[in-house]
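**Student:** I am sharing input01.cif, which consists of mmCIF, C-alpha atoms:
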data_input
#
loop_
_atom_site.label_atom_id
_atom_site.label_comp_id
_atom_site.auth_asym_id
_atom_site.auth_seq_id
_atom_site.Cartn_x
_atom_site.Cartn_y
_atom_site.Cartn_z
CA MET A 29 -78.93 -25.32 26.95
CA SER A 30 -76.03 -25.89 24.56
CA GLU A 31 -75.55 -23.80 21.41
CA ALA A 32 -75.99 -26.91 19.24
CA HIS A 33 -79.28 -27.73 20.95
CA ALA A 34 -80.48 -24.11 20.50
CA LEU A 35 -79.76 -24.28 16.80
CA THR A 36 -81.58 -27.55 16.33
CA SER A 37 -84.59 -26.36 18.36
CA ALA A 38 -85.00 -23.04 16.47
CA PRO A 39 -88.24 -22.87 14.47
CA PRO A 40 -87.77 -23.79 10.82
CA GLU A 41 -87.85 -21.05 8.17
CA PRO A 42 -91.41 -20.87 6.78
CA PRO A 43 -91.93 -21.78 3.13
CA ARG A 44 -91.68 -18.76 0.84
CA ARG A 45 -92.96 -20.05 -2.50
CA ALA A 46 -96.37 -18.54 -1.98
CA ARG A 47 -94.89 -15.20 -0.87
CA LEU A 48 -92.62 -14.95 -3.92
CA ALA A 49 -95.43 -15.95 -6.25
CA LEU A 50 -97.77 -13.37 -4.70
CA ILE A 51 -95.20 -10.58 -5.00
CA LYS A 52 -94.79 -11.45 -8.68
CA ARG A 53 -98.56 -11.50 -9.29
CA LEU A 54 -99.08 -8.18 -7.51
CA ALA A 55 -96.30 -6.64 -9.61
CA ASP A 56 -98.00 -8.06 -12.70
CA VAL A 57 -101.23 -6.28 -11.78
CA VAL A 58 -99.45 -3.00 -11.10
CA CYS A 59 -97.85 -3.23 -14.55
CA LEU A 60 -101.13 -3.93 -16.41
CA PRO A 61 -102.15 -1.35 -19.02
CA GLY A 62 -104.82 1.20 -18.20
CA SER A 63 -107.32 -0.71 -20.31
CA ARG A 64 -107.09 -3.64 -17.87
CA VAL A 65 -106.87 -1.92 -14.49
CA ASN A 66 -108.09 1.48 -13.31
CA ALA A 67 -106.14 3.93 -11.15
CA PHE A 68 -107.86 2.94 -7.92
CA GLU A 69 -107.24 -0.77 -8.47
CA ARG A 70 -103.61 -0.11 -9.34
CA ALA A 71 -103.13 2.03 -6.20
CA MET A 72 -104.78 -0.59 -3.98
CA THR A 73 -102.58 -3.32 -5.44
CA ALA A 74 -99.49 -1.15 -5.01
CA ASP A 75 -100.29 -0.55 -1.34
CA LEU A 76 -100.51 -4.31 -0.75
CA LEU A 77 -97.29 -4.87 -2.70
CA VAL A 78 -95.50 -2.23 -0.60
CA GLU A 79 -96.45 -4.03 2.62
CA MET A 80 -95.01 -7.29 1.28
CA LEU A 81 -91.85 -5.70 -0.13
CA ARG A 82 -91.00 -4.03 3.17
CA GLU A 83 -90.32 -7.48 4.63
CA ALA A 84 -89.09 -9.10 1.43
CA ASP A 85 -85.59 -10.07 0.43
CA PRO A 86 -83.74 -7.13 -1.25
CA ARG A 87 -83.45 -9.25 -4.39
CA GLU A 88 -87.24 -9.23 -4.68
CA ARG A 89 -87.33 -5.46 -4.38
CA VAL A 90 -84.71 -5.21 -7.13
CA ARG A 91 -86.86 -7.40 -9.40
CA VAL A 92 -89.92 -5.26 -8.78
CA SER A 93 -87.92 -2.08 -9.32
CA ARG A 94 -86.81 -3.36 -12.72
CA ARG A 95 -90.38 -4.32 -13.60
CA VAL A 96 -91.97 -0.96 -12.82
CA ALA A 97 -89.15 1.28 -14.12
CA ALA A 98 -90.69 1.28 -17.60
CA LEU A 99 -94.16 2.31 -16.41
CA GLY A 100 -95.42 5.71 -17.48
CA GLU A 101 -96.86 6.28 -14.03
CA ILE A 102 -95.64 4.37 -10.99
CA PRO A 103 -97.93 4.32 -7.92
CA SER A 104 -96.54 6.86 -5.47
CA SER A 105 -96.37 4.58 -2.44
CA LEU A 106 -94.44 1.94 -4.36
CA LEU A 107 -92.16 4.52 -5.97
CA ARG A 108 -91.27 6.09 -2.64
CA LEU A 109 -90.42 2.74 -1.07
CA LEU A 110 -88.15 1.67 -3.93
CA LEU A 111 -86.47 5.05 -4.50
CA HIS A 112 -85.51 5.38 -0.86
CA ASP A 113 -84.22 1.83 -0.61
CA ALA A 114 -80.60 0.73 -1.02
CA VAL A 115 -79.00 2.00 -4.21
CA GLU A 116 -79.18 -1.45 -5.84
CA VAL A 117 -82.96 -1.30 -5.51
CA ALA A 118 -83.31 2.35 -6.55
CA ARG A 119 -80.89 2.14 -9.48
CA PRO A 120 -83.35 0.91 -12.18
CA LEU A 121 -85.73 3.73 -11.32
CA LEU A 122 -83.07 6.42 -11.16
CA GLU A 123 -81.60 5.26 -14.45
CA GLU A 124 -84.73 4.55 -16.47
CA ALA A 125 -87.98 5.74 -14.87
CA ARG A 126 -89.78 8.99 -15.62
CA LEU A 127 -89.55 10.77 -12.27
CA SER A 128 -90.85 14.16 -11.22
CA ASP A 129 -88.72 16.82 -9.58
CA SER A 130 -90.67 16.17 -6.39
CA ASP A 131 -89.68 12.49 -6.47
CA LEU A 132 -86.02 13.36 -7.05
CA LEU A 133 -85.91 16.06 -4.37
CA ALA A 134 -87.36 13.69 -1.81
CA CYS A 135 -84.79 11.08 -2.83
CA LEU A 136 -81.97 13.63 -2.46
CA ALA A 137 -83.20 14.64 0.97
CA GLU A 138 -83.47 11.13 2.40
CA THR A 139 -80.74 9.05 0.74
CA GLY A 140 -76.97 9.16 0.31
CA SER A 141 -74.13 9.84 -2.06
CA ALA A 142 -74.71 6.82 -4.33
CA HIS A 143 -78.26 8.01 -5.08
CA ARG A 144 -77.04 11.57 -5.66
CA ARG A 145 -74.54 10.39 -8.25
CA LEU A 146 -77.19 8.44 -10.13
CA ILE A 147 -79.44 11.50 -10.15
CA ALA A 148 -76.54 13.63 -11.42
CA VAL A 149 -76.28 11.56 -14.64
CA ARG A 150 -80.00 11.60 -15.46
CA LYS A 151 -80.98 13.25 -18.72
CA PRO A 152 -82.10 15.89 -18.19
CA VAL A 153 -81.68 17.25 -14.66
CA SER A 154 -83.84 20.30 -13.95
CA GLU A 155 -82.60 23.54 -12.44
CA VAL A 156 -84.26 22.98 -9.07
CA VAL A 157 -82.86 19.46 -8.74
CA CYS A 158 -79.39 20.75 -9.70
CA GLU A 159 -79.61 23.39 -6.98
CA HIS A 160 -80.43 20.86 -4.28
CA LEU A 161 -77.82 18.40 -5.49
CA VAL A 162 -75.12 21.07 -5.40
CA GLU A 163 -76.28 22.16 -1.96
CA SER A 164 -75.39 18.70 -0.66
CA GLY A 165 -71.70 19.56 -1.07
CA ASP A 166 -70.96 16.10 -2.48
CA ALA A 167 -67.96 16.93 -4.68
CA ILE A 168 -68.14 13.69 -6.69
CA ALA A 169 -71.86 14.12 -7.38
CA VAL A 170 -71.31 17.77 -8.32
CA ALA A 171 -68.46 16.83 -10.67
CA THR A 172 -70.75 14.24 -12.28
CA LEU A 173 -73.44 16.89 -12.65
CA LEU A 174 -71.03 19.35 -14.28
CA ALA A 175 -70.06 16.69 -16.82
CA ASN A 176 -73.72 16.13 -17.71
CA GLY A 177 -74.49 18.30 -20.73
CA GLU A 178 -78.23 17.92 -20.14
CA ALA A 179 -78.11 19.22 -16.59
CA LYS A 180 -79.61 22.72 -16.39
CA LEU A 181 -77.59 24.82 -13.98
CA SER A 182 -79.32 27.92 -12.63
CA ASN A 183 -77.45 31.01 -11.45
CA VAL A 184 -77.98 29.85 -7.86
CA ALA A 185 -76.46 26.44 -8.62
CA LEU A 186 -73.49 28.04 -10.40
CA GLU A 187 -72.91 30.33 -7.45
CA ARG A 188 -72.95 27.38 -5.07
CA VAL A 189 -70.55 25.38 -7.25
CA THR A 190 -68.26 28.41 -7.47
CA ALA A 191 -68.20 28.62 -3.68
CA LEU A 192 -67.65 24.86 -3.36
CA SER A 193 -64.74 25.01 -5.82
CA ARG A 194 -62.80 27.10 -3.32
CA THR A 195 -62.22 23.96 -1.26
CA GLN A 196 -62.80 21.41 -4.06
CA ALA A 197 -60.38 22.60 -6.75
CA SER A 198 -61.02 19.51 -8.89
CA LEU A 199 -64.38 21.02 -9.85
CA ILE A 200 -62.87 24.07 -11.56
CA PRO A 201 -61.95 22.61 -14.99
CA ALA A 202 -65.43 21.13 -15.47
CA LEU A 203 -67.07 24.31 -14.17
CA LEU A 204 -65.18 26.43 -16.68
CA LYS A 205 -66.58 24.31 -19.52
CA ARG A 206 -70.20 25.04 -18.61
CA ILE A 207 -71.90 27.33 -21.11
CA GLU A 208 -74.01 28.83 -18.32
CA LEU A 209 -70.97 30.25 -16.51
CA ARG A 210 -70.92 34.05 -16.52
CA PRO A 211 -68.19 36.65 -15.88
CA SER A 212 -69.65 37.32 -12.42
CA HIS A 213 -68.74 33.75 -11.44
CA ALA A 214 -65.51 33.44 -13.42
CA TYR A 215 -63.87 36.68 -12.21
CA ILE A 216 -64.30 35.56 -8.60
CA LEU A 217 -63.38 31.94 -9.30
CA PHE A 218 -60.14 33.38 -10.71
CA TRP A 219 -58.77 34.05 -7.23
CA TRP A 220 -58.41 30.40 -6.28
CA ALA A 221 -57.94 28.88 -9.75
CA THR A 222 -54.69 27.34 -10.97
CA PRO A 223 -52.52 29.33 -13.41
CA SER A 224 -53.78 27.31 -16.38
CA ASP A 225 -57.40 27.82 -15.34
CA ARG A 226 -56.74 31.53 -14.81
CA ARG A 227 -55.48 31.80 -18.36
CA MET A 228 -58.65 30.11 -19.61
CA ILE A 229 -60.80 32.52 -17.58
CA LEU A 230 -59.03 35.53 -19.08
CA GLN A 231 -59.26 34.15 -22.60
CA ARG A 232 -62.97 33.39 -22.33
CA PHE A 233 -64.38 36.06 -20.01
CA ALA A 234 -62.15 39.13 -20.38
CA VAL A 235 -64.64 40.81 -22.70
CA SER A 236 -64.63 44.25 -24.28
CA ARG A 237 -66.85 47.05 -22.93
CA GLU A 238 -67.13 48.73 -26.31
CA ILE A 239 -70.84 48.03 -26.68
CA LEU A 240 -71.50 49.58 -23.25
CA GLN A 241 -69.33 52.57 -24.07
CA ASP A 242 -71.25 53.19 -27.28
CA ALA A 243 -74.61 52.78 -25.55
CA ALA A 244 -73.73 55.18 -22.71
CA ALA A 245 -71.62 57.69 -24.66
CA ASP A 246 -74.01 60.60 -24.08
CA ILE A 247 -74.82 59.69 -20.48
CA PHE A 248 -71.44 60.88 -19.17
CA ALA A 249 -72.31 64.49 -20.06
CA MET A 250 -75.71 64.15 -18.38
CA ALA A 251 -74.11 62.84 -15.18
CA ALA A 252 -71.51 65.62 -15.25
CA ASP A 253 -74.26 68.24 -15.58
CA GLU A 254 -75.85 66.74 -12.47
CA GLY A 255 -72.54 67.00 -10.62
CA TRP A 256 -72.17 63.21 -10.41
CA GLN A 257 -74.58 63.28 -7.47
CA ASP A 258 -76.33 59.99 -8.28
CA PRO A 259 -74.14 57.28 -6.68
CA LEU A 260 -75.71 54.43 -8.64
CA ALA A 261 -75.15 56.10 -12.00
CA ARG A 262 -71.65 57.13 -10.96
CA LYS A 263 -70.59 53.58 -10.06
CA ALA A 264 -72.03 52.14 -13.26
CA LEU A 265 -70.36 54.79 -15.42
CA GLN A 266 -67.05 54.24 -13.64
CA PHE A 267 -67.25 50.63 -14.75
CA ILE A 268 -68.02 51.60 -18.35
CA GLU A 269 -65.67 54.55 -18.98
CA ARG A 270 -62.46 54.16 -20.98
CA ARG A 271 -60.12 55.98 -18.59
CA GLN A 272 -58.73 53.77 -15.84
CA ARG A 273 -56.40 56.01 -13.84
CA ASN A 274 -57.65 58.40 -11.19
CA ARG A 275 -56.35 61.77 -12.35
CA ALA A 276 -57.67 63.58 -9.30
CA ALA A 277 -55.59 61.32 -7.06
CA VAL A 278 -52.34 62.62 -8.59
CA GLU A 279 -52.97 66.07 -7.13
CA LYS A 280 -53.07 64.64 -3.59
CA SER A 281 -50.35 62.03 -4.07
CA PRO A 282 -46.71 62.37 -2.99
CA TYR A 283 -45.85 60.85 -6.39
CA ASP A 284 -46.01 62.69 -9.70
CA SER A 285 -47.62 59.74 -11.45
CA LEU A 286 -48.50 56.08 -11.21
CA GLU A 287 -45.20 55.30 -12.95
CA ALA A 288 -43.31 57.13 -10.20
CA ALA A 289 -45.12 55.15 -7.51
CA VAL A 290 -44.25 51.89 -9.27
CA VAL A 291 -40.58 52.89 -9.47
CA ALA A 292 -40.63 53.60 -5.73
CA ALA A 293 -42.21 50.18 -5.16
CA GLN A 294 -39.06 48.43 -6.34
CA ASP A 295 -37.45 49.18 -2.97
CA GLY A 296 -40.25 47.31 -1.22
CA LEU A 297 -44.02 47.55 -1.16
CA THR A 298 -45.40 49.01 2.05
CA ARG A 299 -49.05 49.18 3.07
CA GLU A 300 -49.09 52.90 2.30
CA LEU A 301 -47.52 52.39 -1.13
CA VAL A 302 -50.00 49.65 -2.01
CA GLN A 303 -52.84 52.03 -1.16
CA GLU A 304 -51.23 54.84 -3.16
CA ILE A 305 -50.82 52.65 -6.25
CA GLY A 306 -54.43 51.62 -5.81
CA TYR A 307 -55.69 55.21 -5.63
CA LEU A 308 -53.65 56.28 -8.66
CA SER A 309 -54.99 53.25 -10.56
CA GLY A 310 -58.59 54.08 -9.74
CA LEU A 311 -58.89 51.21 -7.25
CA LYS A 312 -60.12 50.94 -3.70
CA PRO A 313 -57.62 49.78 -1.03
CA THR A 314 -59.26 46.34 -0.71
CA THR A 315 -58.91 45.67 -4.43
CA ALA A 316 -55.33 46.92 -4.59
CA ALA A 317 -54.34 44.78 -1.61
CA LYS A 318 -56.01 41.69 -3.11
CA ILE A 319 -54.13 42.18 -6.41
CA LEU A 320 -50.73 42.98 -4.95
CA THR A 321 -50.76 40.15 -2.42
CA ASP A 322 -51.85 37.45 -4.87
CA LEU A 323 -49.16 34.76 -4.82
CA SER A 324 -49.45 33.69 -8.44
CA GLY A 325 -49.00 37.05 -10.13
CA GLU A 326 -51.53 37.23 -12.96
CA PRO A 327 -53.46 40.09 -11.29
CA LEU A 328 -50.27 42.18 -11.49
CA ALA A 329 -50.35 41.76 -15.26
CA ILE A 330 -54.01 42.82 -15.35
CA LEU A 331 -53.31 45.89 -13.21
CA CYS A 332 -50.36 47.04 -15.31
CA LYS A 333 -52.06 46.46 -18.66
CA ALA A 334 -55.32 48.09 -17.64
CA THR A 335 -53.57 51.24 -16.40
CA GLY A 336 -51.30 51.61 -19.43
CA LEU A 337 -48.09 50.75 -17.61
CA PRO A 338 -45.23 49.10 -19.56
CA ARG A 339 -44.02 45.55 -19.14
CA ASP A 340 -41.15 46.79 -16.98
CA ALA A 341 -43.74 47.84 -14.37
CA VAL A 342 -44.70 44.19 -13.91
CA ILE A 343 -41.09 43.36 -13.09
CA ALA A 344 -40.77 46.40 -10.82
CA LEU A 345 -43.79 45.39 -8.76
CA TRP A 346 -42.56 41.78 -8.70
CA ARG A 347 -39.26 43.01 -7.32
CA GLY A 348 -41.05 45.17 -4.77
CA LEU A 349 -42.87 42.09 -3.52
CA ARG A 350 -39.48 40.39 -3.02
CA ARG A 351 -40.36 37.50 -5.26
CA PRO A 352 -37.70 35.47 -7.09
CA GLU A 353 -36.97 36.79 -10.57
CA ALA A 354 -34.80 33.85 -11.66
CA ASP A 355 -34.50 30.13 -10.95
CA ALA A 356 -31.38 28.21 -9.91
CA GLN A 357 -30.17 28.08 -13.52
CA GLY A 358 -30.45 31.84 -13.92
CA ARG A 359 -33.54 31.68 -16.16
CA ILE A 360 -36.56 33.88 -15.56
CA ALA A 361 -38.69 32.46 -12.77
CA PRO A 362 -41.69 30.52 -14.16
CA ALA A 363 -44.24 32.57 -12.20
CA LEU A 364 -42.76 35.86 -13.42
CA GLU A 365 -42.58 34.57 -16.98
CA ARG A 366 -46.22 33.49 -16.82
CA THR A 367 -47.23 36.89 -15.47
CA CYS A 368 -45.38 38.68 -18.27
CA GLN A 369 -47.04 36.43 -20.86
CA ILE A 370 -50.47 37.35 -19.52
CA PHE A 371 -49.48 41.02 -19.80
CA GLU A 372 -48.53 40.57 -23.46
CA GLU A 373 -51.58 38.53 -24.39
CA ILE A 374 -54.44 40.57 -22.97
CA ALA A 375 -55.76 43.76 -24.59
CA VAL A 376 -56.04 46.98 -22.58
CA ASP A 377 -59.83 47.21 -22.75
CA ARG A 378 -60.29 43.60 -21.70
CA ALA A 379 -57.83 43.98 -18.83
CA GLN A 380 -59.82 47.02 -17.70
CA THR A 381 -63.03 44.97 -17.74
CA VAL A 382 -61.51 42.41 -15.38
CA LEU A 383 -59.92 45.05 -13.13
CA ARG A 384 -63.09 47.10 -12.87
CA TYR A 385 -65.22 44.09 -12.12
CA TRP A 386 -62.86 43.19 -9.28
CA ASN A 387 -62.97 46.74 -7.99
CA TRP A 388 -66.76 46.88 -8.28
CA ALA A 389 -67.30 43.48 -6.66
CA LEU A 390 -64.63 43.69 -3.97
CA SER A 391 -65.14 47.24 -2.81
CA SER A 392 -68.29 49.02 -3.96
CA ALA A 393 -70.40 46.47 -2.09
CA LEU A 394 -68.32 46.44 1.09
CA THR A 395 -70.72 48.03 3.55
CA PRO A 396 -70.01 47.56 7.30
CA ALA A 397 -72.78 44.96 7.41
CA LEU A 398 -71.22 43.04 4.53
CA VAL A 399 -67.76 43.11 6.10
CA ARG A 400 -69.30 41.66 9.26
CA ALA A 401 -71.14 39.02 7.20
CA ILE A 402 -67.93 38.07 5.36
CA ARG A 403 -66.00 37.78 8.60
CA GLU A 404 -68.70 35.66 10.22
CA GLY A 405 -69.61 33.68 7.09
CA ASP A 406 -73.20 34.89 7.38
CA GLU A 407 -74.66 34.54 3.88
CA GLN A 408 -78.16 35.36 5.16
CA SER A 409 -77.10 39.00 5.60
CA LEU A 410 -76.39 39.41 1.89
CA ASP A 411 -78.69 40.97 -0.66
CA PRO A 412 -79.66 37.94 -2.81
CA PHE A 413 -79.89 40.16 -5.91
CA SER A 414 -76.51 41.88 -5.50
CA ALA A 415 -73.80 40.25 -7.61
CA PRO A 416 -71.04 42.41 -6.05
CA GLN A 417 -72.02 41.48 -2.50
CA ARG A 418 -72.05 37.77 -3.18
CA ALA A 419 -68.80 38.03 -5.14
CA ALA A 420 -67.15 39.82 -2.23
CA MET A 421 -68.32 37.08 0.15
CA LEU A 422 -66.69 34.44 -2.06
CA ALA A 423 -63.47 36.26 -2.86
CA LEU A 424 -62.74 37.82 0.53
CA GLY A 425 -64.28 35.36 2.96
CA GLY A 426 -61.01 33.56 3.64
CA ASP A 427 -59.06 36.82 3.86
CA PHE A 428 -61.29 38.37 6.50
CA GLY A 429 -61.50 35.13 8.41
CA ALA A 430 -57.71 35.02 8.69
CA ARG A 431 -57.46 38.48 10.24
#
Once more with this new file: its structure as structure tokens, please.

**Tutor:**
Amino acid sequence: MSEAHALTSAPPEPPRRARLALIKRLADVVCLPGSRVNAFERAMTADLLVEMLREADPRERVRVSRRVAALGEIPSSLLRLLLHDAVEVARPLLEEARLSDSDLLACLAETGSAHRRLIAVRKPVSEVVCEHLVESGDAIAVATLLANGEAKLSNVALERVTALSRTQASLIPALLKRIELRPSHAYILFWWATPSDRRMILQRFAVSREILQDAAADIFAMAADEGWQDPLARKALQFIERRQRNRAAVEKSPYDSLEAAVVAAQDGLTRELVQEIGYLSGLKPTTAAKILTDLSGEPLAILCKATGLPRDAVIALWRGLRRPEADAQGRIAPALERTCQIFEEIAVDRAQTVLRYWNWALSSALTPALVRAIREGDEQSLDPFSAPQRAAMLALGGDFGAR
């Protein structure tokens, strides 16, 4: 049988006027006020409408979606069908309808990026919906969410966005504008931020510890009387205290002072010298290595300012790292100039806050189990209530993975 004959012998398309009229009438009933139709009648009508819409032209589903978007309560079967349809059908509901978190979570779980982006601009977006949207890893949807001032970001969502920003750097500027962002996120985000974003982090989050020092002033004597035997109190007081350098380390060091170690570093930083500078500065080896191997240089400024070293120490360490001090025209290298500017701008107490947070987060939580979790990317092994552990996972994950 020829193709032309097959086409002419195909059954004709059935008339659809009655179908379209019935869909419209059923939608009319669903949209009637409560004084005209009770809940059971509305649900029954919606179930019949759903069966017809499943086989209907997408344009009919769009029309119905627009009709019901203004309803205070949309029958659940009809809502589910339309929300999980193509984005053109779901759009009126996602833009205008009053939807529960349950409706939105189901939509997030069973649809795609276009739906996620429409959910991200809703006003408001609850904390639980934000968490699930961020968990999708959709960078465009997350960026849209961050730009939404009525989205409520929980600590879990912020932590997930912080982790995502490590590979999606475009998220960082919007993330830094969120009022919910806390130092615990910002100090770790610092490690993969651009120089301009790093400056913003230091300006906004490098806070003074004066209020903590006043509150705990008499506790230091109590801890000393106890012989500093309580490790939890000791770690917390180490974060709070004014003195940064480790005076006890000088007695065991081959160098007379931190300044002497920095002078020696000009001839080249070795692994042993990095550790020695760390000990003299009151830092653990992991923290010292992270600071002294950072390619941008701002952490050097923080280290020197927090420990009371002069500006020349920044240049000495820069030289020890064998980094260029001048450009082709003989002017100071931009990275070194930027590092020196950070040194001049930040106050000692605020630099100590940043340095001690890094030391606390990157070393005090590094148990053997955590090191293994970082190396293997196993977030399930972390204590969900430990800010240092989760910070270490974020900041060191790439470093351990590369070893």

**Student:** Give me, please, the distance in Å between CA of Phe371 in chain A and CA of Gln231 in chain A, quoted to one decimal.

**Tutor:**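 One can read the CA of Phe371 in chain A to CA of Gln231 in chain A distance as 12.3 Å.
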
**Student:** Excluding same-chain residues fewer than 2 positions from Ala74 in chain A, what lies within 10 Å of it counting all atoms listed in the file, as a list of chain:residue names?

**Tutor:**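 Final neighbour list, sorted by chain and number: A:Leu54, A:Ala55, A:Val57, A:Val58, A:Cys59, A:Phe68, A:Glu69, A:Arg70, A:Ala71, A:Met72, A:Leu76, A:Leu77, A:Val78, A:Glu79, A:Met80, A:Ile102, A:Pro103, A:Ser104, A:Ser105, A:Leu106, A:Leu107.
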
**Student:** Please produce an output containing C-alpha atoms for each residue in the selection, written as a CSV table (one decimal), in the frame of the given file.

**Tutor:**
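Final file, again.csv:
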chain,number,residue,atom,x,y,z
A,54,LEU,CA,-99.1,-8.2,-7.5
A,55,ALA,CA,-96.3,-6.6,-9.6
A,57,VAL,CA,-101.2,-6.3,-11.8
A,58,VAL,CA,-99.4,-3.0,-11.1
A,59,CYS,CA,-97.8,-3.2,-14.6
A,68,PHE,CA,-107.9,2.9,-7.9
A,69,GLU,CA,-107.2,-0.8,-8.5
A,70,ARG,CA,-103.6,-0.1,-9.3
A,71,ALA,CA,-103.1,2.0,-6.2
A,72,MET,CA,-104.8,-0.6,-4.0
A,76,LEU,CA,-100.5,-4.3,-0.8
A,77,LEU,CA,-97.3,-4.9,-2.7
A,78,VAL,CA,-95.5,-2.2,-0.6
A,79,GLU,CA,-96.4,-4.0,2.6
A,80,MET,CA,-95.0,-7.3,1.3
A,102,ILE,CA,-95.6,4.4,-11.0
A,103,PRO,CA,-97.9,4.3,-7.9
A,104,SER,CA,-96.5,6.9,-5.5
A,105,SER,CA,-96.4,4.6,-2.4
A,106,LEU,CA,-94.4,1.9,-4.4
A,107,LEU,CA,-92.2,4.5,-6.0

**Student:** Do you have the CA of Glu163 in chain A-CA of Arg119 in chain A distance handy?

**Tutor:** 21.9 Å

**Student:** What is the CA of Cys158 in chain A-CA of Leu181 in chain A distance in Å, reported with one decimal?

**Tutor:** 6.2 Å

**Student:** Name the residues in contact with range 115-118 of chain A at a cut-off of 6 Å, using all atoms listed in the file, excluding same-chain residues fewer than 4 positions from it; report them as a short mmCIF file (atom, residue, chain, number, x, y, z; two decimals) with C-alpha atoms, in the coordinates of the input.

**Tutor:**
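Wrote part.cif, looks like this:
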data_model
loop_
_atom_site.label_atom_id
_atom_site.label_comp_id
_atom_site.auth_asym_id
_atom_site.auth_seq_id
_atom_site.Cartn_x
_atom_site.Cartn_y
_atom_site.Cartn_z
CA VAL A 90 -84.71 -5.21 -7.13
CA LEU A 110 -88.15 1.67 -3.93
CA LEU A 111 -86.47 5.05 -4.50
#

**Student:** Expanded to explicit residues, what is the PyMOL selection byres ((chain A and resi 232-243) around 8) for this file, as a PyMOL selection string?

**Tutor:** chain A and resi 210-211+214-215+228-231+244-246+268-270+377-379+381-382

**Student:** Find the residue from A:Leu81, A:Asp75, A:Pro120, A:Ala67 that sits nearest to Ala98 in chain A; use all atoms listed in the file when measuring.

**Tutor:** A:Pro120

**Student:** Identify the residues around (-86.7, 15.8, -4.2) within a radius of 12 Å, measuring from all atoms listed in the file in the coordinates stated by the file, and give them as a PDB file with C-alpha atoms, in the coordinates of the input.

**Tutor:**
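Full text of selection_3.pdb as output:
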ATOM      1  CA  ARG A 108     -91.270   6.090  -2.640  1.00  0.00           C
ATOM      2  CA  LEU A 111     -86.470   5.050  -4.500  1.00  0.00           C
ATOM      3  CA  HIS A 112     -85.510   5.380  -0.860  1.00  0.00           C
ATOM      4  CA  LEU A 127     -89.550  10.770 -12.270  1.00  0.00           C
ATOM      5  CA  SER A 128     -90.850  14.160 -11.220  1.00  0.00           C
ATOM      6  CA  ASP A 129     -88.720  16.820  -9.580  1.00  0.00           C
ATOM      7  CA  SER A 130     -90.670  16.170  -6.390  1.00  0.00           C
ATOM      8  CA  ASP A 131     -89.680  12.490  -6.470  1.00  0.00           C
ATOM      9  CA  LEU A 132     -86.020  13.360  -7.050  1.00  0.00           C
ATOM     10  CA  LEU A 133     -85.910  16.060  -4.370  1.00  0.00           C
ATOM     11  CA  ALA A 134     -87.360  13.690  -1.810  1.00  0.00           C
ATOM     12  CA  CYS A 135     -84.790  11.080  -2.830  1.00  0.00           C
ATOM     13  CA  LEU A 136     -81.970  13.630  -2.460  1.00  0.00           C
ATOM     14  CA  ALA A 137     -83.200  14.640   0.970  1.00  0.00           C
ATOM     15  CA  GLU A 138     -83.470  11.130   2.400  1.00  0.00           C
ATOM     16  CA  THR A 139     -80.740   9.050   0.740  1.00  0.00           C
ATOM     17  CA  HIS A 143     -78.260   8.010  -5.080  1.00  0.00           C
ATOM     18  CA  ARG A 144     -77.040  11.570  -5.660  1.00  0.00           C
ATOM     19  CA  ILE A 147     -79.440  11.500 -10.150  1.00  0.00           C
ATOM     20  CA  VAL A 153     -81.680  17.250 -14.660  1.00  0.00           C
ATOM     21  CA  SER A 154     -83.840  20.300 -13.950  1.00  0.00           C
ATOM     22  CA  VAL A 156     -84.260  22.980  -9.070  1.00  0.00           C
ATOM     23  CA  VAL A 157     -82.860  19.460  -8.740  1.00  0.00           C
ATOM     24  CA  CYS A 158     -79.390  20.750  -9.700  1.00  0.00           C
ATOM     25  CA  GLU A 159     -79.610  23.390  -6.980  1.00  0.00           C
ATOM     26  CA  HIS A 160     -80.430  20.860  -4.280  1.00  0.00           C
ATOM     27  CA  LEU A 161     -77.820  18.400  -5.490  1.00  0.00           C
TER      28      LEU A 161
END

**Student:** Which one of A:Ala363, A:Leu209, A:Leu199, A:Ala249 sits closest to Asn183 in chain A if you count only C-alpha atoms?

**Tutor:** A:Leu209

**Student:** Near Val302 in chain A, counting only C-alpha atoms, which residues have an atom at most 12 Å away, once you skip same-chain residues fewer than 2 positions from it, shown as a short mmCIF file (atom, residue, chain, number, x, y, z; two decimals) with C-alpha atoms, in the coordinates of the input?

**Tutor:**
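Saved the output as selection-v5.cif:
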data_model
loop_
_atom_site.label_atom_id
_atom_site.label_comp_id
_atom_site.auth_asym_id
_atom_site.auth_seq_id
_atom_site.Cartn_x
_atom_site.Cartn_y
_atom_site.Cartn_z
CA LEU A 286 -48.50 56.08 -11.21
CA ALA A 289 -45.12 55.15 -7.51
CA VAL A 290 -44.25 51.89 -9.27
CA ALA A 292 -40.63 53.60 -5.73
CA ALA A 293 -42.21 50.18 -5.16
CA GLN A 294 -39.06 48.43 -6.34
CA GLY A 296 -40.25 47.31 -1.22
CA LEU A 297 -44.02 47.55 -1.16
CA THR A 298 -45.40 49.01 2.05
CA ARG A 299 -49.05 49.18 3.07
CA GLU A 300 -49.09 52.90 2.30
CA GLU A 304 -51.23 54.84 -3.16
CA ILE A 305 -50.82 52.65 -6.25
CA GLY A 306 -54.43 51.62 -5.81
CA TYR A 307 -55.69 55.21 -5.63
CA LEU A 308 -53.65 56.28 -8.66
CA SER A 309 -54.99 53.25 -10.56
CA LEU A 311 -58.89 51.21 -7.25
CA LYS A 312 -60.12 50.94 -3.70
CA PRO A 313 -57.62 49.78 -1.03
CA THR A 314 -59.26 46.34 -0.71
CA THR A 315 -58.91 45.67 -4.43
CA ALA A 316 -55.33 46.92 -4.59
CA ALA A 317 -54.34 44.78 -1.61
CA LYS A 318 -56.01 41.69 -3.11
CA ILE A 319 -54.13 42.18 -6.41
CA LEU A 320 -50.73 42.98 -4.95
CA THR A 321 -50.76 40.15 -2.42
CA LEU A 345 -43.79 45.39 -8.76
CA GLY A 348 -41.05 45.17 -4.77
CA LEU A 349 -42.87 42.09 -3.52
#
